[in-house]
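Have a look at the structure below, then the notes.
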Amino acid sequence: MKPRTVLSMEQALSLPYATLRFAQLGWRVIRIESTPVGEGLPGDPNRYIGARVADDDRRSYFIAPNVGKQAIALNLKDARGQALLRRLISELDVDVFCCNTVPSRYAALGIDPATLRAAKPALIWAGISALGPDHPHAPGYDPVLQAMAGYMEVTGERDGPPMLTGIPVIDLKAGDEVYANVMRALLERHESGAGAEIHVSMLQAAASWLITLLPLLDFDCAPGEITRTGNQHRKFIPTNVYPARDGFIYLAIGSDVQWQRLTATPLFAALAGEGRKTNEGRHAEREAIHRDMAALTRQHDAPTLLTALQGATIPCTRILDIPQVRALPAIARRLTRSALPDGRTIRLPPMAVDVAGAHATLGFAPRYGQHTRQVLAEAGLSAAEVQGLHDAGVVA
């Protein structure tokens, strides 16, 4: 696929993560931020979150989702700024426009699909919002959506409070939906020549992942089937965290054949029982099996347990921390990289899937408005015109 050009009015994480995936493919991604307003800090609030990495507007929380991009600042509350946006779409032959502001602001900012697709009918327009355009005023942040979508209700210990997941899964899910649906739209455009309009609701995207829970409501499920279970699997037993002499391991039994292999090993033979041969039988003895397993595993160190489990081809692992994950051979050689302004290399997460020709090294995250003059010049504006717009507060 040839490299594309993406204009993205983005902030926070959901959309920057989506457009990062485009940047990894070698596409040109130009992030649009607002011009300064009052005494507030300009641009994406995430620029100012975390430790100072390069300078004041490129802090630790902002860097990873924004490598490989350019940054411009436009005042889209001004008709001149809106005209500039349409000019950029036309002159730079932009393929995709993205945004993640509340839908109630689309028309006022001149970024609604009808306006921008009038400037270029083949444009693919993609927006992320909390609940979609049917709920245009609803703001959305990942933790609130985790609570609204039931994720917190099913995360944590059975007797504990609802709990957030350890990563912003709904932000990332929404970003992946933009990525996937833009790819679908590009394929359809190749066949029809027509652009597209994509609306990603964070709530709807999150609910699509309730595949093991929501349908149970129509199957007369017990309340315990759709609430918190800690580290246990709701259906497959035993699947849980278990103590070792020197830490913890996680093992997962996903079939009766795996259970037979497990209990055929000398180390785990004591767990066998006639009523435990099927998952249904093990479900009936759920708590007893977890107690028996924990009593057994705590007698041995993790390497001994993992050797026995791997010998029986049972999925298992130590509980790894983040530095250990980065060091895994399967991950370490696939990390993407960037370089700080002083030349130091930083390691970033890998691409989700290996793609031939993708960029393993990306330019450092841009400063606020770093490429405004360059991009406007590409659109045919003279230096004097850009300066005039700057002086009028239309660009920054």
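Ligands are numbered from 1 in the order shown, chains are lettered A, B, ... in the order of the structure tokens, and residues start at 1 in each chain.
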Range 230-325 of chain A: residues DSSP assigns to strand (DSSP E), reported as a count of residues only: 15
Near range 57-64 of chain A, within 7 Å and counting only C-alpha atoms, which residues show up once chain neighbours fewer than 2 positions away are dropped, as number ranges by chain? A: 46-55, 66-67, 348, 365, 367-368
Taking N, CA, C and O atoms for each residue, export the selection above as a tab-separated table (two decimals), in the first residue's frame.
chain	number	residue	atom	x	y	z
A	46	ASN	N	-1.99	16.43	27.02
A	46	ASN	CA	-1.05	15.35	27.31
A	46	ASN	C	0.40	15.76	27.13
A	46	ASN	O	1.31	15.09	27.63
A	47	ARG	N	0.64	16.86	26.41
A	47	ARG	CA	2.02	17.34	26.26
A	47	ARG	C	2.66	17.64	27.62
A	47	ARG	O	3.88	17.59	27.76
A	48	TYR	N	1.84	17.95	28.59
A	48	TYR	CA	2.36	18.47	29.86
A	48	TYR	C	2.18	17.47	31.01
A	48	TYR	O	2.23	17.84	32.17
A	49	ILE	N	1.97	16.19	30.66
A	49	ILE	CA	1.75	15.15	31.66
A	49	ILE	C	3.00	14.28	31.76
A	49	ILE	O	3.51	13.78	30.76
A	50	GLY	N	3.49	14.08	32.98
A	50	GLY	CA	4.64	13.21	33.21
A	50	GLY	C	5.93	13.99	33.36
A	50	GLY	O	5.95	15.22	33.45
A	51	ALA	N	7.01	13.24	33.41
A	51	ALA	CA	8.33	13.85	33.59
A	51	ALA	C	8.75	14.61	32.34
A	51	ALA	O	8.42	14.23	31.22
A	52	ARG	N	9.50	15.69	32.53
A	52	ARG	CA	10.02	16.49	31.42
A	52	ARG	C	11.09	15.67	30.71
A	52	ARG	O	12.09	15.26	31.29
A	53	VAL	N	10.88	15.39	29.42
A	53	VAL	CA	11.79	14.52	28.67
A	53	VAL	C	12.73	15.34	27.80
A	53	VAL	O	13.95	15.24	27.90
A	54	ALA	N	12.17	16.14	26.90
A	54	ALA	CA	13.01	16.95	26.02
A	54	ALA	C	12.88	18.41	26.36
A	54	ALA	O	13.88	19.13	26.43
A	55	ASP	N	11.67	18.87	26.56
A	55	ASP	CA	11.40	20.26	26.93
A	55	ASP	C	10.02	20.28	27.56
A	55	ASP	O	9.40	19.23	27.76
A	66	ASN	N	3.15	9.74	19.84
A	66	ASN	CA	3.26	10.85	18.89
A	66	ASN	C	4.58	10.90	18.14
A	66	ASN	O	4.86	11.89	17.45
A	67	VAL	N	5.38	9.84	18.24
A	67	VAL	CA	6.60	9.81	17.43
A	67	VAL	C	6.21	9.66	15.96
A	67	VAL	O	5.13	9.19	15.61
A	348	LEU	N	10.51	1.93	22.30
A	348	LEU	CA	9.06	2.09	22.35
A	348	LEU	C	8.40	0.75	22.05
A	348	LEU	O	9.05	-0.18	21.58
A	365	ALA	N	8.81	12.85	18.86
A	365	ALA	CA	7.53	13.57	18.93
A	365	ALA	C	7.75	15.06	18.71
A	365	ALA	O	8.69	15.65	19.25
A	367	ARG	N	7.42	19.20	18.67
A	367	ARG	CA	7.05	20.29	19.56
A	367	ARG	C	5.73	20.89	19.10
A	367	ARG	O	5.30	20.72	17.96
A	368	TYR	N	5.09	21.60	20.00
A	368	TYR	CA	3.84	22.28	19.66
A	368	TYR	C	4.07	23.24	18.49
A	368	TYR	O	4.97	24.08	18.51
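Nearest residue to Glu153 in chain A among A:Arg282, A:Lys2, A:Lys77, A:Arg228 is A:Arg228, counting only C-alpha atoms.
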Per residue of range 359-391 of chain A within 10 Å of range 9-25 of chain A, what are the shortest atom pair and its distance in Å to one decimal, counting only C-alpha atoms, with rows by chain and residue number, as CSV?
residue,atom,partner,partner_atom,distance
A:His359,CA,A:Gln24,CA,5.2
A:Ala360,CA,A:Gln24,CA,7.2
A:Thr361,CA,A:Gln24,CA,8.4
A:Leu362,CA,A:Gln24,CA,7.5
A:Gly363,CA,A:Ala23,CA,9.8
Would you pick out the contacts of range 253-270 of chain A at 10 Å or less, using only C-alpha atoms, so that residues sharing its chain but fewer than 6 positions from it are not included, and give the list as a PyMOL selection string? chain A and resi 233+235-240+276-280+282+292-293+296-297+300+304-305+308-316
Pick out each residue of range 41-201 of chain A that DSSP on the backbone tags as helix (DSSP H, G or I); I need them as a ChimeraX atom specification. /A:45-48,60-66,79-91,103-109,113-119,142-148,152-154,169-192
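Among the candidates A:Leu41, A:Ala205, A:Leu74, A:Leu123, the residue lying nearest to Ala396 in chain A is A:Leu74 (atoms considered: only C-alpha atoms).
For Glu191 in chain A, the list of residues within 12 Å, based on only C-alpha atoms and with local chain neighbours fewer than 6 positions off taken out, reads Ala122, Arg184 and Ala185 of chain A.
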Save the residues we just selected, all heavy atoms, as a CSV table (one decimal), in the first residue's frame?
chain,number,residue,atom,x,y,z
A,122,ALA,N,-13.4,12.4,-2.1
A,122,ALA,CA,-12.8,11.1,-1.8
A,122,ALA,C,-12.2,11.0,-0.4
A,122,ALA,O,-11.6,10.0,0.0
A,122,ALA,CB,-11.7,10.8,-2.8
A,184,ARG,N,-10.4,-0.4,5.8
A,184,ARG,CA,-11.6,-0.8,5.1
A,184,ARG,C,-12.1,0.2,4.1
A,184,ARG,O,-12.4,-0.1,2.9
A,184,ARG,CB,-12.7,-1.2,6.0
A,184,ARG,CG,-14.0,-1.6,5.4
A,184,ARG,CD,-15.1,-1.8,6.4
A,184,ARG,NE,-15.4,-0.6,7.2
A,184,ARG,CZ,-16.0,0.5,6.8
A,184,ARG,NH1,-16.6,0.5,5.6
A,184,ARG,NH2,-16.2,1.5,7.6
A,185,ALA,N,-12.1,1.5,4.5
A,185,ALA,CA,-12.6,2.6,3.7
A,185,ALA,C,-11.6,2.8,2.5
A,185,ALA,O,-12.1,3.1,1.4
A,185,ALA,CB,-12.7,3.8,4.5
8 Å contact set for Thr101 in chain A, only C-alpha atoms, chain neighbours under 6 positions out, as JSON, numbers by chain: {"A": [10, 127, 128, 129]}
Go ahead and save the residues from that selection, with C-alpha atoms, as a PDB file, in the first residue's frame.
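Generated file (again_12.pdb):
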ATOM      1  CA  GLU A  10      -6.027  14.876  18.012  1.00  0.00           C
ATOM      2  CA  GLY A 127     -13.995  10.522  14.395  1.00  0.00           C
ATOM      3  CA  ILE A 128     -13.793   9.074  17.898  1.00  0.00           C
ATOM      4  CA  SER A 129     -16.252  10.194  20.568  1.00  0.00           C
TER       5      SER A 129
END
As a list of chain:residue names, please: the residues near Asp112 in chain A (cut-off 10 Å, only C-alpha atoms, same-chain neighbours under 4 positions excluded). A:Cys99, A:Pro103, A:Ser104, A:Arg105, A:Tyr106, A:Ala107, A:Ala108, A:Leu116, A:Arg117, A:Trp125, A:Gly127, A:Glu197
Expected file contents, prior selection, N, CA and C atoms, as a PDB file, in the first residue's frame:
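Final output, saved to result34.pdb:
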ATOM      1  N   CYS A  99     -10.509  13.103  13.936  1.00  0.00           N
ATOM      2  CA  CYS A  99     -10.655  13.998  15.081  1.00  0.00           C
ATOM      3  C   CYS A  99     -11.195  13.212  16.262  1.00  0.00           C
ATOM      4  N   PRO A 103     -18.820  15.525  19.257  1.00  0.00           N
ATOM      5  CA  PRO A 103     -19.506  15.808  17.989  1.00  0.00           C
ATOM      6  C   PRO A 103     -20.245  17.140  17.957  1.00  0.00           C
ATOM      7  N   SER A 104     -20.661  17.646  19.106  1.00  0.00           N
ATOM      8  CA  SER A 104     -21.376  18.924  19.119  1.00  0.00           C
ATOM      9  C   SER A 104     -20.505  20.076  18.620  1.00  0.00           C
ATOM     10  N   ARG A 105     -19.206  19.890  18.555  1.00  0.00           N
ATOM     11  CA  ARG A 105     -18.301  20.953  18.115  1.00  0.00           C
ATOM     12  C   ARG A 105     -17.927  20.827  16.639  1.00  0.00           C
ATOM     13  N   TYR A 106     -18.297  19.757  15.977  1.00  0.00           N
ATOM     14  CA  TYR A 106     -17.859  19.540  14.599  1.00  0.00           C
ATOM     15  C   TYR A 106     -18.200  20.724  13.696  1.00  0.00           C
ATOM     16  N   ALA A 107     -19.470  21.104  13.672  1.00  0.00           N
ATOM     17  CA  ALA A 107     -19.903  22.145  12.734  1.00  0.00           C
ATOM     18  C   ALA A 107     -19.272  23.490  13.063  1.00  0.00           C
ATOM     19  N   ALA A 108     -19.217  23.830  14.364  1.00  0.00           N
ATOM     20  CA  ALA A 108     -18.667  25.128  14.761  1.00  0.00           C
ATOM     21  C   ALA A 108     -17.201  25.260  14.384  1.00  0.00           C
ATOM     22  N   LEU A 116     -15.907  18.974   5.175  1.00  0.00           N
ATOM     23  CA  LEU A 116     -14.573  18.578   4.713  1.00  0.00           C
ATOM     24  C   LEU A 116     -14.642  17.699   3.477  1.00  0.00           C
ATOM     25  N   ARG A 117     -15.676  16.883   3.354  1.00  0.00           N
ATOM     26  CA  ARG A 117     -15.790  16.049   2.161  1.00  0.00           C
ATOM     27  C   ARG A 117     -16.262  16.868   0.962  1.00  0.00           C
ATOM     28  N   TRP A 125     -13.194  10.392   6.350  1.00  0.00           N
ATOM     29  CA  TRP A 125     -13.367  11.153   7.590  1.00  0.00           C
ATOM     30  C   TRP A 125     -13.611  10.162   8.717  1.00  0.00           C
ATOM     31  N   GLY A 127     -13.936   9.862  13.098  1.00  0.00           N
ATOM     32  CA  GLY A 127     -13.995  10.522  14.395  1.00  0.00           C
ATOM     33  C   GLY A 127     -14.206   9.538  15.528  1.00  0.00           C
ATOM     34  N   GLU A 197     -17.301   8.046   5.752  1.00  0.00           N
ATOM     35  CA  GLU A 197     -17.533   8.718   7.032  1.00  0.00           C
ATOM     36  C   GLU A 197     -17.580   7.641   8.112  1.00  0.00           C
TER      37      GLU A 197
END
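CA of Ile226 in chain A sits 25.3 Å away from CA of Gly275 in chain A.
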